[in-house]
file structure-v7.pdb (PDB, C-alpha atoms)
MODEL        1
ATOM      1  CA  PRO A   1      67.285 -68.074  40.111
ATOM      2  CA  ARG A   2      64.361 -68.707  37.796
ATOM      3  CA  LYS A   3      63.125 -72.083  36.632
ATOM      4  CA  VAL A   4      61.755 -73.042  33.237
ATOM      5  CA  LEU A   5      58.005 -73.772  33.227
ATOM      6  CA  GLN A   6      57.711 -75.276  29.756
ATOM      7  CA  PRO A   7      60.106 -76.491  27.078
ATOM      8  CA  ILE A   8      61.920 -73.763  25.162
ATOM      9  CA  GLU A   9      63.048 -74.553  21.634
ATOM     10  CA  PRO A  10      66.435 -73.445  20.269
ATOM     11  CA  ASN A  11      66.251 -69.863  18.928
ATOM     12  CA  GLU A  12      62.835 -69.355  20.554
ATOM     13  CA  PRO A  13      62.506 -65.976  22.293
ATOM     14  CA  LEU A  14      62.624 -66.279  26.062
ATOM     15  CA  LEU A  15      59.324 -65.008  27.446
ATOM     16  CA  VAL A  16      58.468 -64.141  31.024
ATOM     17  CA  SER A  17      55.583 -66.621  30.857
ATOM     18  CA  ASN A  18      58.063 -69.470  30.193
ATOM     19  CA  VAL A  19      59.992 -69.011  33.454
ATOM     20  CA  THR A  20      59.155 -68.551  37.121
ATOM     21  CA  ASP A  21      59.470 -65.309  39.014
ATOM     22  CA  PRO A  22      62.824 -64.815  40.726
ATOM     23  CA  GLY A  23      63.108 -67.407  43.480
ATOM     24  CA  GLY A  24      59.851 -69.093  42.333
ATOM     25  CA  ARG A  25      59.270 -72.819  42.127
ATOM     26  CA  ALA A  26      58.405 -74.641  38.932
ATOM     27  CA  THR A  27      55.032 -75.881  40.155
ATOM     28  CA  LEU A  28      51.622 -76.265  38.606
ATOM     29  CA  SER A  29      50.456 -73.134  40.428
ATOM     30  CA  ALA A  30      53.050 -71.154  38.482
ATOM     31  CA  ILE A  31      51.384 -71.942  35.157
ATOM     32  CA  VAL A  32      47.730 -71.496  36.190
ATOM     33  CA  GLU A  33      46.371 -68.194  34.892
ATOM     34  CA  PRO A  34      45.581 -65.759  37.753
ATOM     35  CA  GLU A  35      41.784 -65.886  37.205
ATOM     36  CA  ASN A  36      41.671 -69.670  36.720
ATOM     37  CA  ARG A  37      41.940 -72.777  38.852
ATOM     38  CA  ALA A  38      43.524 -76.163  38.227
ATOM     39  CA  VAL A  39      40.968 -78.950  38.567
ATOM     40  CA  THR A  40      41.693 -82.644  38.058
ATOM     41  CA  ILE A  41      39.255 -85.212  36.676
ATOM     42  CA  SER A  42      39.527 -88.976  36.397
ATOM     43  CA  VAL A  43      39.834 -90.523  32.961
ATOM     44  CA  ASN A  44      40.737 -93.894  31.529
ATOM     45  CA  GLU A  45      42.109 -95.128  28.226
ATOM     46  CA  VAL A  46      38.872 -94.387  26.375
ATOM     47  CA  LEU A  47      37.657 -91.295  28.215
ATOM     48  CA  GLY A  48      41.119 -89.718  28.007
ATOM     49  CA  VAL A  49      41.344 -90.027  24.184
ATOM     50  CA  ALA A  50      43.660 -93.056  24.337
ATOM     51  CA  GLY A  51      46.574 -91.115  25.801
ATOM     52  CA  PHE A  52      46.710 -88.494  23.054
ATOM     53  CA  VAL A  53      45.713 -85.634  25.366
ATOM     54  CA  LYS A  54      48.844 -83.725  26.378
ATOM     55  CA  PRO A  55      49.537 -80.542  28.358
ATOM     56  CA  ASP A  56      48.676 -77.361  26.380
ATOM     57  CA  ASP A  57      46.055 -79.216  24.299
ATOM     58  CA  ARG A  58      42.479 -77.959  24.244
ATOM     59  CA  VAL A  59      39.543 -80.275  24.940
ATOM     60  CA  ASP A  60      35.772 -80.313  25.225
ATOM     61  CA  VAL A  61      34.394 -82.112  28.273
ATOM     62  CA  ILE A  62      31.364 -84.341  27.666
ATOM     63  CA  LEU A  63      29.124 -85.446  30.531
ATOM     64  CA  THR A  64      27.014 -88.590  30.219
ATOM     65  CA  ARG A  65      24.474 -89.067  32.976
ATOM     66  CA  GLU A  66      21.150 -90.666  33.769
ATOM     67  CA  ALA A  67      18.451 -88.016  33.256
ATOM     68  CA  PRO A  68      14.725 -88.362  34.093
ATOM     69  CA  SER A  69      14.000 -89.185  30.436
ATOM     70  CA  GLY A  70      16.883 -91.683  30.188
ATOM     71  CA  PRO A  71      20.623 -91.508  29.543
ATOM     72  CA  GLU A  72      21.928 -88.331  27.913
ATOM     73  CA  SER A  73      25.256 -86.828  26.862
ATOM     74  CA  ARG A  74      25.959 -83.098  26.841
ATOM     75  CA  THR A  75      28.957 -80.922  26.230
ATOM     76  CA  LEU A  76      29.733 -79.590  29.685
ATOM     77  CA  LEU A  77      32.667 -77.294  28.786
ATOM     78  CA  GLN A  78      34.312 -76.303  25.509
ATOM     79  CA  ASN A  79      37.846 -75.293  24.559
ATOM     80  CA  ILE A  80      39.383 -76.007  27.974
ATOM     81  CA  LYS A  81      43.179 -75.967  28.319
ATOM     82  CA  VAL A  82      44.910 -79.094  29.592
ATOM     83  CA  LEU A  83      47.506 -78.213  32.237
ATOM     84  CA  ALA A  84      48.740 -81.710  33.014
ATOM     85  CA  ALA A  85      48.176 -85.334  32.084
ATOM     86  CA  ASP A  86      48.677 -87.438  35.200
ATOM     87  CA  GLN A  87      51.493 -85.478  36.833
ATOM     88  CA  GLN A  88      53.246 -84.410  33.623
ATOM     89  CA  VAL A  89      53.029 -80.676  32.954
ATOM     90  CA  THR A  90      55.117 -80.794  29.773
ATOM     91  CA  ASN A  91      54.400 -82.578  26.540
ATOM     92  CA  GLU A  92      57.959 -83.699  25.828
ATOM     93  CA  ASN A  93      56.925 -87.326  25.348
ATOM     94  CA  GLU A  94      55.662 -87.757  21.769
ATOM     95  CA  VAL A  95      54.364 -91.277  22.412
ATOM     96  CA  PRO A  96      50.731 -91.560  23.584
ATOM     97  CA  GLU A  97      50.652 -92.483  27.242
ATOM     98  CA  ILE A  98      47.593 -93.810  29.050
ATOM     99  CA  VAL A  99      46.747 -91.549  31.976
ATOM    100  CA  THR A 100      44.276 -91.831  34.836
ATOM    101  CA  THR A 101      43.833 -88.117  35.550
ATOM    102  CA  VAL A 102      43.862 -84.913  33.544
ATOM    103  CA  THR A 103      44.243 -81.482  35.127
ATOM    104  CA  LEU A 104      42.344 -78.714  33.374
ATOM    105  CA  SER A 105      42.482 -74.927  33.611
ATOM    106  CA  ALA A 106      39.028 -73.600  34.462
ATOM    107  CA  ASP A 107      37.486 -70.467  35.871
ATOM    108  CA  PRO A 108      35.904 -70.927  39.321
ATOM    109  CA  VAL A 109      32.398 -71.646  37.951
ATOM    110  CA  GLN A 110      33.720 -74.141  35.390
ATOM    111  CA  ALA A 111      35.766 -75.821  38.133
ATOM    112  CA  LYS A 112      32.615 -76.261  40.242
ATOM    113  CA  LYS A 113      30.793 -77.728  37.233
ATOM    114  CA  LEU A 114      33.582 -80.258  36.743
ATOM    115  CA  VAL A 115      33.565 -81.282  40.390
ATOM    116  CA  LEU A 116      29.772 -81.660  40.473
ATOM    117  CA  ALA A 117      29.684 -83.486  37.134
ATOM    118  CA  SER A 118      32.215 -86.009  38.395
ATOM    119  CA  THR A 119      29.710 -87.042  41.083
ATOM    120  CA  ILE A 120      26.650 -87.453  38.835
ATOM    121  CA  GLY A 121      27.967 -89.076  35.685
ATOM    122  CA  THR A 122      30.873 -90.031  33.484
ATOM    123  CA  MET A 123      33.042 -87.421  31.831
ATOM    124  CA  ALA A 124      34.918 -87.918  28.581
ATOM    125  CA  LEU A 125      37.329 -85.649  26.740
ATOM    126  CA  MET A 126      37.134 -84.692  23.079
ATOM    127  CA  LEU A 127      40.471 -83.472  21.759
ATOM    128  CA  ARG A 128      40.182 -80.280  19.698
ATOM    129  CA  SER A 129      42.285 -79.241  16.744
ATOM    130  CA  ASN A 130      44.872 -76.674  17.747
ATOM    131  CA  LYS A 131      43.387 -74.475  14.999
ATOM    132  CA  ASP A 132      39.814 -74.668  16.365
ATOM    133  CA  ASP A 133      38.638 -72.333  19.088
ATOM    134  CA  ASP A 134      34.970 -72.105  18.082
ATOM    135  CA  VAL A 135      32.280 -72.600  20.683
ATOM    136  CA  VAL A 136      29.269 -74.380  19.204
ATOM    137  CA  ASP A 137      25.667 -74.701  20.310
ATOM    138  CA  ASP A 138      25.051 -77.949  22.062
ATOM    139  CA  LYS A 139      22.007 -80.170  22.212
ATOM    140  CA  ALA A 140      21.775 -83.179  24.461
ATOM    141  CA  VAL A 141      22.072 -86.543  22.776
ATOM    142  CA  THR A 142      19.551 -88.987  24.212
ATOM    143  CA  LEU A 143      18.489 -92.499  23.296
ATOM    144  CA  GLY A 144      15.534 -90.969  21.471
ATOM    145  CA  ASN A 145      17.691 -88.934  19.093
ATOM    146  CA  LEU A 146      20.796 -91.108  18.990
ATOM    147  CA  PHE A 147      20.060 -92.229  15.439
ATOM    148  CA  ALA A 148      17.729 -89.384  14.433
ATOM    149  CA  ASP A 149      19.903 -88.153  11.531
ATOM    150  CA  GLN A 150      20.316 -91.597   9.973
ATOM    151  CA  PRO A 151      17.869 -92.881   7.366
ATOM    152  CA  VAL A 152      15.533 -95.632   8.453
ATOM    153  CA  VAL A 153      16.210 -98.856   6.581
ATOM    154  CA  THR A 154      13.055-100.745   5.776
ATOM    155  CA  LYS A 155      12.572-104.146   4.210
ATOM    156  CA  ALA A 156      12.364-103.811   0.450
ATOM    157  CA  ALA A 157       8.992-104.596  -1.053
ATOM    158  CA  SER A 158       9.046-107.763  -3.114
ATOM    159  CA  ASN A 159       6.732-108.928  -5.853
ATOM    160  CA  ALA A 160       7.848-112.516  -5.398
ATOM    161  CA  PRO A 161       5.252-114.763  -3.789
ATOM    162  CA  ALA A 162       5.909-115.967  -0.279
ATOM    163  CA  TYR A 163       7.523-119.396   0.001
ATOM    164  CA  ASN A 164       4.949-122.178   0.280
ATOM    165  CA  PRO A 165       6.270-125.485   1.668
ATOM    166  CA  PHE A 166       3.505-127.428  -0.107
ATOM    167  CA  ALA A 167       3.110-128.308  -3.782
ATOM    168  CA  THR A 168      -0.257-128.645  -5.462
ATOM    169  CA  VAL A 169      -0.914-131.851  -7.379
ATOM    170  CA  ARG A 170      -3.960-132.475  -9.555
ATOM    171  CA  VAL A 171      -5.117-136.090  -9.411
ATOM    172  CA  HIS A 172      -7.384-137.477 -12.198
ATOM    173  CA  ARG A 173      -9.428-140.654 -11.511
ATOM    174  CA  GLY A 174     -11.587-141.430 -14.388
ATOM    175  CA  LEU A 175     -13.901-138.504 -14.962
ATOM    176  CA  THR A 176     -13.173-137.005 -11.526
ATOM    177  CA  SER A 177     -10.225-134.741 -10.706
ATOM    178  CA  THR A 178      -9.114-133.482  -7.295
ATOM    179  CA  THR A 179      -6.382-131.158  -6.118
ATOM    180  CA  GLU A 180      -4.077-132.424  -3.351
ATOM    181  CA  SER A 181      -1.376-130.632  -1.360
ATOM    182  CA  VAL A 182       1.841-132.492  -0.669
ATOM    183  CA  ARG A 183       4.949-131.361   1.180
ATOM    184  CA  LYS A 184       7.845-130.328  -1.087
ATOM    185  CA  GLU A 185      10.973-132.428  -0.580
TER     186      GLU A 185
ENDMDL
END
call {"tool": "encode", "arguments": {"input": "structure-v7.pdb", "output": "structure tokens"}}
result
Amino acid sequence: PRKVLQPIEPNEPLLVSNVTDPGGRATLSAIVEPENRAVTISVNEVLGVAGFVKPDDRVDVILTREAPSGPESRTLLQNIKVLAADQQVTNENEVPEIVTTVTLSADPVQAKKLVLASTIGTMALMLRSNKDDDVVDDKAVTLGNLFADQPVVTKAASNAPAYNPFATVRVHRGLTSTTESVRKE
């Protein structure tokens, strides 16, 4: 007998990739592409896109670490397929569910990068549109360029005189006049 590996909709053609080989088990290893590996990373409510990441989604993996010049964030991997969220390999549940681990499909070099990155910094997932498979150039974001593309707000120049807490009073005594400063109240 064969077992179903992913949900099949009514009237959907039955494909070999949706079922196990004869006598096969419906395990994660059955859905990992032959040249890829399944690698699991830790996430939390924020780093895992608030539970919206589901199996078959595509994500970018961002690494934030302490570099010699200060903290920096870089895109570690782009357009990576999610195999499982926690231990769920199907996305039947429509409701977002907070997970603590996400299993990704990666080639051997990407898998090593993920394992190493998990020891040197914090990884976060960025959920991609299912219509977006572009790979973009990436520059590190550091404290120095965190706000580089935002205009600098400066204090507006004012022609109004600065506030003076004293008032000037002219005192006339006979033919003599003097100017005195008194505190405004």
call {"tool": "closest_residue", "arguments": {"input": "structure-v7.pdb", "among": "A:Val32, A:Leu175, A:Ile41, A:Leu14", "to": "Val99 of chain A", "atoms": "only C-alpha atoms"}}
result
A:Ile41
call {"tool": "closest_residue", "arguments": {"input": "structure-v7.pdb", "among": "A:Asp21, A:Thr119, A:Thr101, A:Val169", "to": "Ser181 of chain A", "atoms": "all atoms listed in the file"}}
result
A:Val169
call {"tool": "closest_residue", "arguments": {"input": "structure-v7.pdb", "among": "A:Pro7, A:Pro165, A:Pro55, A:Gly70", "to": "Leu104 of chain A", "atoms": "only C-alpha atoms"}}
result
A:Pro55
call {"tool": "closest_residue", "arguments": {"input": "structure-v7.pdb", "among": "A:Ile8, A:Val171, A:Ala38, A:Val136", "to": "Leu77 of chain A", "atoms": "all atoms listed in the file"}}
result
A:Val136
call {"tool": "resolve_selection", "arguments": {"input": "structure-v7.pdb", "expression": "the PyMOL selection byres ((chain A and resi 103) around 9)", "output": "JSON list (two decimals) with C-alpha atoms, keeping the file's coordinate frame"}}
result
[["chain", "number", "residue", "atom", "x", "y", "z"],
["A", 38, "ALA", "CA", 43.52, -76.16, 38.23],
["A", 39, "VAL", "CA", 40.97, -78.95, 38.57],
["A", 40, "THR", "CA", 41.69, -82.64, 38.06],
["A", 41, "ILE", "CA", 39.26, -85.21, 36.68],
["A", 42, "SER", "CA", 39.53, -88.98, 36.40],
["A", 55, "PRO", "CA", 49.54, -80.54, 28.36],
["A", 81, "LYS", "CA", 43.18, -75.97, 28.32],
["A", 82, "VAL", "CA", 44.91, -79.09, 29.59],
["A", 83, "LEU", "CA", 47.51, -78.21, 32.24],
["A", 84, "ALA", "CA", 48.74, -81.71, 33.01],
["A", 85, "ALA", "CA", 48.18, -85.33, 32.08],
["A", 86, "ASP", "CA", 48.68, -87.44, 35.20],
["A", 87, "GLN", "CA", 51.49, -85.48, 36.83],
["A", 101, "THR", "CA", 43.83, -88.12, 35.55],
["A", 102, "VAL", "CA", 43.86, -84.91, 33.54],
["A", 104, "LEU", "CA", 42.34, -78.71, 33.37],
["A", 105, "SER", "CA", 42.48, -74.93, 33.61]]
call {"tool": "closest_residue", "arguments": {"input": "structure-v7.pdb", "among": "A:Asn44, A:Asn164, A:Thr75, A:Thr178", "to": "Asp138 of chain A", "atoms": "all atoms listed in the file"}}
result
A:Thr75
call {"tool": "closest_residue", "arguments": {"input": "structure-v7.pdb", "among": "A:Ala148, A:Ala140, A:Val61, A:Val16", "to": "Ala106 of chain A", "atoms": "all atoms listed in the file"}}
result
A:Val61
call {"tool": "resolve_selection", "arguments": {"input": "structure-v7.pdb", "expression": "the PyMOL selection byres ((chain A and resi 139) around 12)", "output": "NGL selection string"}}
result
:A and (62 or 72-76 or 136-138 or 140-142 or 145-146)
call {"tool": "atom_distance", "arguments": {"input": "structure-v7.pdb", "atom1": "atom CA of Glu12 of chain A", "atom2": "atom CA of Asn36 of chain A"}}
result
26.6 Å
call {"tool": "atom_distance", "arguments": {"input": "structure-v7.pdb", "atom1": "atom CA of Ala67 of chain A", "atom2": "atom CA of Gly121 of chain A"}}
result
9.9 Å
call {"tool": "atom_distance", "arguments": {"input": "structure-v7.pdb", "atom1": "atom CA of Phe52 of chain A", "atom2": "atom CA of Gln6 of chain A"}}
result
18.5 Å
call {"tool": "axis_aligned_box", "arguments": {"input": "structure-v7.pdb", "around": "segment 6-12 of chain A", "padding_each_side": "6 Å", "output": "JSON"}}
result
{"center_x": 62.1, "center_y": -72.9, "center_z": 24.3, "size_x": 20.7, "size_y": 19.1, "size_z": 22.8}
call {"tool": "residues_around", "arguments": {"input": "structure-v7.pdb", "residues": "Thr179 of chain A", "least_positions_apart": "6", "cutoff": "12 Å", "atoms": "all atoms listed in the file", "output": "PyMOL selection string"}}
result
chain A and resi 167-173
call {"tool": "write_last_selection", "arguments": {"input": "structure-v7.pdb", "atoms": "C-alpha atoms", "output": "PDB file, in the coordinates of the input"}}
result
ATOM      1  CA  ALA A 167       3.110-128.308  -3.782  1.00  0.00           C
ATOM      2  CA  THR A 168      -0.257-128.645  -5.462  1.00  0.00           C
ATOM      3  CA  VAL A 169      -0.914-131.851  -7.379  1.00  0.00           C
ATOM      4  CA  ARG A 170      -3.960-132.475  -9.555  1.00  0.00           C
ATOM      5  CA  VAL A 171      -5.117-136.090  -9.411  1.00  0.00           C
ATOM      6  CA  HIS A 172      -7.384-137.477 -12.198  1.00  0.00           C
ATOM      7  CA  ARG A 173      -9.428-140.654 -11.511  1.00  0.00           C
TER       8      ARG A 173
END
call {"tool": "resolve_selection", "arguments": {"input": "structure-v7.pdb", "expression": "the PyMOL selection byres ((chain A and resi 128) around 9)", "output": "list in words"}}
result
Asp57, Arg58, Val59, Asp60, Asn79, Met126, Leu127, Ser129, Asn130, Lys131, Asp132 and Asp133 of chain A
call {"tool": "residues_near_point", "arguments": {"input": "structure-v7.pdb", "point": "(12.8, -131.9, -3.0)", "cutoff": "12 Å", "atoms": "all atoms listed in the file", "output": "compact mmCIF listing (two decimals) with C-alpha atoms, keeping the file's coordinate frame"}}
result
# COMPACT_ATOMS: atom_id res chain seq x y z
CA PRO A 165 6.27 -125.48 1.67
CA PHE A 166 3.50 -127.43 -0.11
CA ALA A 167 3.11 -128.31 -3.78
CA VAL A 182 1.84 -132.49 -0.67
CA ARG A 183 4.95 -131.36 1.18
CA LYS A 184 7.84 -130.33 -1.09
CA GLU A 185 10.97 -132.43 -0.58
call {"tool": "decode", "arguments": {"input": "structure-v7.pdb", "residues": "segment 55-73 of chain A", "atoms": "N, CA, C and O atoms", "output": "PDB file, in the first residue's frame"}}
result
ATOM      1  N   PRO A  55       3.968  24.502   6.247  1.00  0.00           N
ATOM      2  CA  PRO A  55       4.654  23.644   5.277  1.00  0.00           C
ATOM      3  C   PRO A  55       4.293  24.051   3.846  1.00  0.00           C
ATOM      4  O   PRO A  55       3.173  24.463   3.567  1.00  0.00           O
ATOM      5  N   ASP A  56       5.272  23.958   2.958  1.00  0.00           N
ATOM      6  CA  ASP A  56       5.199  24.325   1.534  1.00  0.00           C
ATOM      7  C   ASP A  56       5.350  25.821   1.295  1.00  0.00           C
ATOM      8  O   ASP A  56       5.404  26.253   0.152  1.00  0.00           O
ATOM      9  N   ASP A  57       5.408  26.652   2.349  1.00  0.00           N
ATOM     10  CA  ASP A  57       5.702  28.067   2.161  1.00  0.00           C
ATOM     11  C   ASP A  57       7.176  28.209   1.796  1.00  0.00           C
ATOM     12  O   ASP A  57       7.980  27.301   1.994  1.00  0.00           O
ATOM     13  N   ARG A  58       7.513  29.393   1.303  1.00  0.00           N
ATOM     14  CA  ARG A  58       8.903  29.741   1.012  1.00  0.00           C
ATOM     15  C   ARG A  58       9.295  30.905   1.910  1.00  0.00           C
ATOM     16  O   ARG A  58       8.502  31.818   2.131  1.00  0.00           O
ATOM     17  N   VAL A  59      10.509  30.854   2.436  1.00  0.00           N
ATOM     18  CA  VAL A  59      10.984  31.886   3.365  1.00  0.00           C
ATOM     19  C   VAL A  59      12.401  32.312   3.007  1.00  0.00           C
ATOM     20  O   VAL A  59      13.129  31.586   2.330  1.00  0.00           O
ATOM     21  N   ASP A  60      12.764  33.496   3.484  1.00  0.00           N
ATOM     22  CA  ASP A  60      14.158  33.936   3.515  1.00  0.00           C
ATOM     23  C   ASP A  60      14.592  33.821   4.966  1.00  0.00           C
ATOM     24  O   ASP A  60      13.800  34.071   5.878  1.00  0.00           O
ATOM     25  N   VAL A  61      15.828  33.427   5.188  1.00  0.00           N
ATOM     26  CA  VAL A  61      16.361  33.295   6.542  1.00  0.00           C
ATOM     27  C   VAL A  61      17.323  34.458   6.781  1.00  0.00           C
ATOM     28  O   VAL A  61      18.270  34.659   6.024  1.00  0.00           O
ATOM     29  N   ILE A  62      17.048  35.223   7.838  1.00  0.00           N
ATOM     30  CA  ILE A  62      17.860  36.382   8.198  1.00  0.00           C
ATOM     31  C   ILE A  62      18.687  36.027   9.426  1.00  0.00           C
ATOM     32  O   ILE A  62      18.161  35.480  10.394  1.00  0.00           O
ATOM     33  N   LEU A  63      19.969  36.345   9.389  1.00  0.00           N
ATOM     34  CA  LEU A  63      20.855  36.114  10.523  1.00  0.00           C
ATOM     35  C   LEU A  63      21.260  37.457  11.120  1.00  0.00           C
ATOM     36  O   LEU A  63      21.746  38.336  10.403  1.00  0.00           O
ATOM     37  N   THR A  64      21.041  37.621  12.403  1.00  0.00           N
ATOM     38  CA  THR A  64      21.512  38.799  13.128  1.00  0.00           C
ATOM     39  C   THR A  64      22.583  38.327  14.096  1.00  0.00           C
ATOM     40  O   THR A  64      22.363  37.386  14.863  1.00  0.00           O
ATOM     41  N   ARG A  65      23.738  38.964  14.013  1.00  0.00           N
ATOM     42  CA  ARG A  65      24.867  38.543  14.848  1.00  0.00           C
ATOM     43  C   ARG A  65      25.695  39.738  15.235  1.00  0.00           C
ATOM     44  O   ARG A  65      25.551  40.828  14.680  1.00  0.00           O
ATOM     45  N   GLU A  66      26.577  39.537  16.190  1.00  0.00           N
ATOM     46  CA  GLU A  66      27.512  40.573  16.615  1.00  0.00           C
ATOM     47  C   GLU A  66      28.745  40.460  15.718  1.00  0.00           C
ATOM     48  O   GLU A  66      29.434  39.446  15.730  1.00  0.00           O
ATOM     49  N   ALA A  67      28.993  41.475  14.912  1.00  0.00           N
ATOM     50  CA  ALA A  67      30.156  41.512  14.027  1.00  0.00           C
ATOM     51  C   ALA A  67      31.222  42.414  14.657  1.00  0.00           C
ATOM     52  O   ALA A  67      30.932  43.141  15.610  1.00  0.00           O
ATOM     53  N   PRO A  68      32.454  42.403  14.139  1.00  0.00           N
ATOM     54  CA  PRO A  68      33.497  43.266  14.712  1.00  0.00           C
ATOM     55  C   PRO A  68      33.114  44.744  14.733  1.00  0.00           C
ATOM     56  O   PRO A  68      33.497  45.474  15.641  1.00  0.00           O
ATOM     57  N   SER A  69      32.322  45.184  13.743  1.00  0.00           N
ATOM     58  CA  SER A  69      31.936  46.597  13.690  1.00  0.00           C
ATOM     59  C   SER A  69      30.634  46.877  14.428  1.00  0.00           C
ATOM     60  O   SER A  69      30.141  47.991  14.400  1.00  0.00           O
ATOM     61  N   GLY A  70      30.055  45.866  15.065  1.00  0.00           N
ATOM     62  CA  GLY A  70      28.788  46.026  15.783  1.00  0.00           C
ATOM     63  C   GLY A  70      27.741  45.076  15.240  1.00  0.00           C
ATOM     64  O   GLY A  70      28.006  44.305  14.326  1.00  0.00           O
ATOM     65  N   PRO A  71      26.526  45.124  15.784  1.00  0.00           N
ATOM     66  CA  PRO A  71      25.489  44.195  15.340  1.00  0.00           C
ATOM     67  C   PRO A  71      25.165  44.387  13.863  1.00  0.00           C
ATOM     68  O   PRO A  71      25.190  45.501  13.352  1.00  0.00           O
ATOM     69  N   GLU A  72      24.869  43.272  13.177  1.00  0.00           N
ATOM     70  CA  GLU A  72      24.472  43.346  11.777  1.00  0.00           C
ATOM     71  C   GLU A  72      23.467  42.254  11.464  1.00  0.00           C
ATOM     72  O   GLU A  72      23.455  41.205  12.107  1.00  0.00           O
ATOM     73  N   SER A  73      22.619  42.523  10.487  1.00  0.00           N
ATOM     74  CA  SER A  73      21.662  41.534   9.971  1.00  0.00           C
ATOM     75  C   SER A  73      21.939  41.328   8.499  1.00  0.00           C
ATOM     76  O   SER A  73      22.157  42.286   7.759  1.00  0.00           O
TER      77      SER A  73
END
